[in-house]
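Visitor: For reference, the structure I am asking about is given below.
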Amino acid sequence: MSEFIVHAIPGSPFSRSVMAALEEKGASWRLSPVAPGTMRSPEHLARHPFGRVPVLEHDGFSLYETQAILRYLDRTLPTPALSPSNARRLARMDQVMNINDWYLFHGVGNVIVFQRVVGPRLMGLPTDVKAIEAAMPKARTVFSELARLLGEQEFFAGDSLSLADLLVAPGVSFFTMTPEWADLGAPHPNLVAWLKRMESRPSMQATTWERVTELAKAA
Ligand SMILES: N[C@@H](CCC(=O)N[C@@H](CS)C(=O)NCC(=O)O)C(=O)O
């Protein structure tokens, strides 16, 4: 099996999902770091016309959109399987993945995490507290819904790790770096315990912001 190349920037939660999935599969992969400020460069736009990361390259095949990448990896690297065979569990996995993209990221993560972490740390921007306040009602709904769907299960689709856990964990993990986590996470001990389990997995340990920054420097 030829090598997988992940074009990504350190800290990107969507990119971390892809890298963590490759780690779970025991695949041979390498990071091709996208330098800050070059997301709209002709070179990167040729890979991803919307100027985002991650992009996967595999044996001449180039693919963007994290869900598509995760499903491609699960089909080309069948073990361990990261999609349940049971129709309802699979539907739950798909549902949680769409909650990630449509509700956790848009209007919640890309506001709260941006205002608290990415903007101040990487761009020297001040925090817009009003934007955070406006995002909080939707954020509370997202976290309550994730907690309800997880329930007492070990993972979102049941007893086994699935693509849903790998997509959602990097995004949720970012919230622990914000003061809003006390309001969003604390009311849901099952979600907090799930995140702890996820963060202790070798795949997540191998793909922390710090670790991917080291990989980017070495690339
Ligand atoms: N729908 C895309 C979203 C990817 C995405 O938004 N990536 C973020 C980093 S986690 C990004 O590239 N942001 C750059 C920007 O907004 O300019 C996917 O699933 O891959």
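Ordered as shown in the structure tokens, chains take letters A, B, and onward, while each chain numbers its residues from 1 and ligands are numbered from 1 in the order shown.
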Can I get the residues of chain A within 9 Å of ligand 1, each with the closest pair of atoms and their distance in Å to one decimal, using only C-alpha atoms and all ligand atoms, sorted chain first then ascending number, as a Markdown table?
Guide:
| residue | atom | partner | partner_atom_place_in_ligand_line | distance |
| --- | --- | --- | --- | --- |
| A:Ala8 | CA | ligand 1 | 12 (O) | 8.1 |
| A:Ile9 | CA | ligand 1 | 9 (C) | 7.5 |
| A:Gly11 | CA | ligand 1 | 10 (S) | 7.5 |
| A:Ser12 | CA | ligand 1 | 10 (S) | 3.9 |
| A:Pro13 | CA | ligand 1 | 10 (S) | 4.7 |
| A:Phe14 | CA | ligand 1 | 10 (S) | 4.6 |
| A:Ser15 | CA | ligand 1 | 10 (S) | 6.2 |
| A:Arg16 | CA | ligand 1 | 10 (S) | 8.3 |
| A:Met39 | CA | ligand 1 | 17 (O) | 6.6 |
| A:Arg40 | CA | ligand 1 | 17 (O) | 8.0 |
| A:Phe50 | CA | ligand 1 | 17 (O) | 8.4 |
| A:Gly51 | CA | ligand 1 | 17 (O) | 6.2 |
| A:Arg52 | CA | ligand 1 | 12 (O) | 3.2 |
| A:Val53 | CA | ligand 1 | 12 (O) | 4.0 |
| A:Pro54 | CA | ligand 1 | 20 (O) | 5.6 |
| A:Val55 | CA | ligand 1 | 20 (O) | 7.6 |
| A:Tyr64 | CA | ligand 1 | 20 (O) | 6.0 |
| A:Glu65 | CA | ligand 1 | 20 (O) | 3.6 |
| A:Thr66 | CA | ligand 1 | 19 (O) | 3.9 |
| A:Gln67 | CA | ligand 1 | 19 (O) | 5.9 |
| A:Ala68 | CA | ligand 1 | 19 (O) | 7.9 |
| A:Ile69 | CA | ligand 1 | 20 (O) | 8.3 |
| A:Asp101 | CA | ligand 1 | 19 (O) | 6.8 |
| A:Phe105 | CA | ligand 1 | 6 (O) | 8.1 |
| A:His106 | CA | ligand 1 | 6 (O) | 8.9 |
| A:Asn110 | CA | ligand 1 | 6 (O) | 8.5 |
| A:Gly171 | CA | ligand 1 | 10 (S) | 8.5 |
Visitor: Would you mind exporting C-alpha atoms of the selected residues as a tab-separated table (two decimals), in the first residue's frame?
Guide:
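Full text of result00.tsv as output:
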chain	number	residue	atom	x	y	z
A	8	ALA	CA	-2.59	20.20	6.55
A	9	ILE	CA	-1.81	22.98	8.98
A	11	GLY	CA	-3.89	22.69	14.90
A	12	SER	CA	-6.56	22.10	12.24
A	13	PRO	CA	-9.21	19.83	13.80
A	14	PHE	CA	-10.44	18.46	10.45
A	15	SER	CA	-6.87	17.59	9.50
A	16	ARG	CA	-6.34	15.94	12.89
A	39	MET	CA	-4.07	28.70	1.80
A	40	ARG	CA	-5.12	30.92	-1.11
A	50	PHE	CA	-11.96	26.44	-1.59
A	51	GLY	CA	-8.61	27.12	0.08
A	52	ARG	CA	-8.99	24.82	3.05
A	53	VAL	CA	-7.34	21.80	4.63
A	54	PRO	CA	-7.04	18.84	4.79
A	55	VAL	CA	-6.29	17.40	1.36
A	64	TYR	CA	-10.59	17.03	-0.15
A	65	GLU	CA	-13.55	17.15	2.29
A	66	THR	CA	-12.84	15.38	5.55
A	67	GLN	CA	-15.86	13.08	5.57
A	68	ALA	CA	-15.03	11.86	2.06
A	69	ILE	CA	-11.40	11.32	3.08
A	101	ASP	CA	-19.87	19.78	10.11
A	105	PHE	CA	-18.15	23.76	13.33
A	106	HIS	CA	-20.36	26.36	11.59
A	110	ASN	CA	-15.53	28.66	13.99
A	171	GLY	CA	-13.23	19.72	17.35
Visitor: Which residues, written as a compact mmCIF listing (two decimals) with N, CA, C and O atoms, in the first residue's frame, have at least one atom at most 10 Å from Lys25 (chain A), with only C-alpha atoms counted and residues fewer than 6 positions away on the same chain left out?
Guide:
# COMPACT_ATOMS: atom_id res chain seq x y z
N MET A 19 -5.56 12.50 10.18
CA MET A 19 -4.29 11.93 10.66
C MET A 19 -4.54 10.88 11.74
O MET A 19 -3.88 9.84 11.78
N LEU A 73 -10.55 6.31 3.44
CA LEU A 73 -9.55 5.57 4.23
C LEU A 73 -10.15 4.28 4.79
O LEU A 73 -9.51 3.23 4.80
N ASP A 74 -11.40 4.37 5.23
CA ASP A 74 -12.03 3.19 5.83
C ASP A 74 -12.27 2.09 4.79
O ASP A 74 -12.29 0.91 5.11
N LEU A 77 -8.45 0.92 3.63
CA LEU A 77 -7.72 0.27 4.73
C LEU A 77 -8.77 -0.38 5.62
O LEU A 77 -9.18 0.21 6.63
N PRO A 78 -9.24 -1.56 5.27
CA PRO A 78 -10.44 -2.09 5.95
C PRO A 78 -10.28 -2.47 7.42
O PRO A 78 -11.28 -2.59 8.11
N THR A 79 -9.04 -2.66 7.90
CA THR A 79 -8.93 -3.02 9.31
C THR A 79 -8.07 -2.04 10.09
O THR A 79 -7.05 -1.60 9.57
N PRO A 80 -8.49 -1.72 11.32
CA PRO A 80 -9.77 -2.08 11.91
C PRO A 80 -10.90 -1.26 11.27
O PRO A 80 -10.70 -0.10 10.92
N ALA A 81 -12.07 -1.88 11.14
CA ALA A 81 -13.21 -1.18 10.53
C ALA A 81 -13.62 -0.01 11.42
O ALA A 81 -13.70 -0.15 12.64
N LEU A 82 -13.87 1.12 10.79
CA LEU A 82 -14.28 2.31 11.56
C LEU A 82 -15.69 2.76 11.20
O LEU A 82 -16.07 3.89 11.47
N SER A 203 -3.66 7.34 18.79
CA SER A 203 -3.89 8.10 17.54
C SER A 203 -4.09 9.59 17.82
O SER A 203 -3.66 10.43 17.02
Visitor: At a cut-off of 12 Å, can you tabulate as CSV every residue of region 67-125 of chain A near region 135-143 of chain A together with its closest atom pair and the distance in Å to one decimal, using only C-alpha atoms and ordering rows by chain then number?
Guide:
residue,atom,partner,partner_atom,distance
A:Val96,CA,A:Val142,CA,10.3
A:Asn98,CA,A:Val142,CA,11.5
A:Ile99,CA,A:Val142,CA,7.7
A:Asn100,CA,A:Val142,CA,8.7
A:Asp101,CA,A:Val142,CA,11.2
A:Trp102,CA,A:Val142,CA,10.0
A:Tyr103,CA,A:Val142,CA,6.5
A:Leu104,CA,A:Val142,CA,6.1
A:Phe105,CA,A:Ala139,CA,9.6
A:His106,CA,A:Ala135,CA,9.8
A:Gly107,CA,A:Ala135,CA,6.3
A:Val108,CA,A:Ala139,CA,5.6
A:Gly109,CA,A:Ala139,CA,8.2
A:Asn110,CA,A:Ala135,CA,9.7
A:Val111,CA,A:Ala135,CA,7.0
A:Ile112,CA,A:Ala135,CA,7.2
A:Val113,CA,A:Ala135,CA,10.8
A:Phe114,CA,A:Ala135,CA,11.7
A:Gln115,CA,A:Ala135,CA,10.9
Visitor: Could the residues in this selection be written to a file with N, CA, C and O atoms, as a PDB file, in the first residue's frame?
Guide:
ATOM      1  N   VAL A  96     -23.988  11.953  13.470  1.00  0.00           N
ATOM      2  CA  VAL A  96     -23.048  12.694  14.331  1.00  0.00           C
ATOM      3  C   VAL A  96     -21.992  13.402  13.475  1.00  0.00           C
ATOM      4  O   VAL A  96     -21.601  14.538  13.764  1.00  0.00           O
ATOM      5  N   ASN A  98     -22.483  14.626  10.527  1.00  0.00           N
ATOM      6  CA  ASN A  98     -23.099  15.837   9.959  1.00  0.00           C
ATOM      7  C   ASN A  98     -23.346  16.898  11.020  1.00  0.00           C
ATOM      8  O   ASN A  98     -23.248  18.094  10.727  1.00  0.00           O
ATOM      9  N   ILE A  99     -23.640  16.469  12.248  1.00  0.00           N
ATOM     10  CA  ILE A  99     -23.763  17.454  13.339  1.00  0.00           C
ATOM     11  C   ILE A  99     -22.426  18.182  13.492  1.00  0.00           C
ATOM     12  O   ILE A  99     -22.372  19.396  13.688  1.00  0.00           O
ATOM     13  N   ASN A 100     -21.342  17.433  13.380  1.00  0.00           N
ATOM     14  CA  ASN A 100     -20.016  18.057  13.484  1.00  0.00           C
ATOM     15  C   ASN A 100     -19.856  19.171  12.446  1.00  0.00           C
ATOM     16  O   ASN A 100     -19.479  20.293  12.766  1.00  0.00           O
ATOM     17  N   ASP A 101     -20.165  18.830  11.186  1.00  0.00           N
ATOM     18  CA  ASP A 101     -19.874  19.779  10.110  1.00  0.00           C
ATOM     19  C   ASP A 101     -20.856  20.950  10.071  1.00  0.00           C
ATOM     20  O   ASP A 101     -20.460  22.085   9.836  1.00  0.00           O
ATOM     21  N   TRP A 102     -22.133  20.643  10.303  1.00  0.00           N
ATOM     22  CA  TRP A 102     -23.152  21.679  10.121  1.00  0.00           C
ATOM     23  C   TRP A 102     -23.398  22.526  11.357  1.00  0.00           C
ATOM     24  O   TRP A 102     -23.743  23.700  11.242  1.00  0.00           O
ATOM     25  N   TYR A 103     -23.273  21.926  12.540  1.00  0.00           N
ATOM     26  CA  TYR A 103     -23.662  22.666  13.746  1.00  0.00           C
ATOM     27  C   TYR A 103     -22.508  22.908  14.714  1.00  0.00           C
ATOM     28  O   TYR A 103     -22.434  23.969  15.324  1.00  0.00           O
ATOM     29  N   LEU A 104     -21.631  21.910  14.892  1.00  0.00           N
ATOM     30  CA  LEU A 104     -20.513  22.125  15.819  1.00  0.00           C
ATOM     31  C   LEU A 104     -19.492  23.085  15.213  1.00  0.00           C
ATOM     32  O   LEU A 104     -18.994  23.979  15.887  1.00  0.00           O
ATOM     33  N   PHE A 105     -19.176  22.896  13.945  1.00  0.00           N
ATOM     34  CA  PHE A 105     -18.151  23.757  13.329  1.00  0.00           C
ATOM     35  C   PHE A 105     -18.744  25.111  12.937  1.00  0.00           C
ATOM     36  O   PHE A 105     -18.284  26.151  13.405  1.00  0.00           O
ATOM     37  N   HIS A 106     -19.821  25.094  12.116  1.00  0.00           N
ATOM     38  CA  HIS A 106     -20.359  26.358  11.587  1.00  0.00           C
ATOM     39  C   HIS A 106     -21.145  27.115  12.640  1.00  0.00           C
ATOM     40  O   HIS A 106     -22.149  26.633  13.146  1.00  0.00           O
ATOM     41  N   GLY A 107     -20.691  28.273  12.959  1.00  0.00           N
ATOM     42  CA  GLY A 107     -21.415  29.139  13.897  1.00  0.00           C
ATOM     43  C   GLY A 107     -21.126  28.844  15.347  1.00  0.00           C
ATOM     44  O   GLY A 107     -21.597  29.554  16.233  1.00  0.00           O
ATOM     45  N   VAL A 108     -20.377  27.774  15.636  1.00  0.00           N
ATOM     46  CA  VAL A 108     -20.033  27.456  17.032  1.00  0.00           C
ATOM     47  C   VAL A 108     -18.501  27.380  17.143  1.00  0.00           C
ATOM     48  O   VAL A 108     -17.865  28.295  17.652  1.00  0.00           O
ATOM     49  N   GLY A 109     -17.902  26.298  16.620  1.00  0.00           N
ATOM     50  CA  GLY A 109     -16.440  26.178  16.687  1.00  0.00           C
ATOM     51  C   GLY A 109     -15.737  27.309  15.960  1.00  0.00           C
ATOM     52  O   GLY A 109     -14.775  27.883  16.470  1.00  0.00           O
ATOM     53  N   ASN A 110     -16.249  27.629  14.764  1.00  0.00           N
ATOM     54  CA  ASN A 110     -15.527  28.657  13.994  1.00  0.00           C
ATOM     55  C   ASN A 110     -15.777  30.066  14.548  1.00  0.00           C
ATOM     56  O   ASN A 110     -15.179  31.017  14.067  1.00  0.00           O
ATOM     57  N   VAL A 111     -16.618  30.181  15.568  1.00  0.00           N
ATOM     58  CA  VAL A 111     -16.756  31.461  16.269  1.00  0.00           C
ATOM     59  C   VAL A 111     -16.015  31.377  17.610  1.00  0.00           C
ATOM     60  O   VAL A 111     -15.050  32.114  17.852  1.00  0.00           O
ATOM     61  N   ILE A 112     -16.432  30.440  18.472  1.00  0.00           N
ATOM     62  CA  ILE A 112     -15.900  30.429  19.840  1.00  0.00           C
ATOM     63  C   ILE A 112     -14.411  30.059  19.861  1.00  0.00           C
ATOM     64  O   ILE A 112     -13.596  30.741  20.487  1.00  0.00           O
ATOM     65  N   VAL A 113     -14.061  28.995  19.174  1.00  0.00           N
ATOM     66  CA  VAL A 113     -12.645  28.574  19.164  1.00  0.00           C
ATOM     67  C   VAL A 113     -11.804  29.609  18.418  1.00  0.00           C
ATOM     68  O   VAL A 113     -10.687  29.927  18.830  1.00  0.00           O
ATOM     69  N   PHE A 114     -12.371  30.154  17.351  1.00  0.00           N
ATOM     70  CA  PHE A 114     -11.608  31.187  16.628  1.00  0.00           C
ATOM     71  C   PHE A 114     -11.376  32.395  17.536  1.00  0.00           C
ATOM     72  O   PHE A 114     -10.247  32.880  17.658  1.00  0.00           O
ATOM     73  N   GLN A 115     -12.437  32.857  18.191  1.00  0.00           N
ATOM     74  CA  GLN A 115     -12.317  34.073  19.015  1.00  0.00           C
ATOM     75  C   GLN A 115     -11.420  33.865  20.234  1.00  0.00           C
ATOM     76  O   GLN A 115     -10.732  34.774  20.672  1.00  0.00           O
TER      77      GLN A 115
END
Visitor: Could you jot down the CA of Phe4 (chain A) to CA of Ala27 (chain A) separation for me, Å, one decimal place?
Guide: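 Between CA of Phe4 (chain A) and CA of Ala27 (chain A) the gap is 7.8 Å.
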Visitor: Identify all residues of region 5-206 of chain A in strand (DSSP E) (DSSP on the backbone) and supply them as a list in words.
Guide: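 The strand (DSSP E) subset of region 5-206 of chain A is Ile5, Val6, His7, Ala8, Trp29, Arg30, Leu31, Ser32, Pro33, Val55, Leu56, Glu57, His58, Phe61, Ser62, Leu63 and Tyr64 of chain A.
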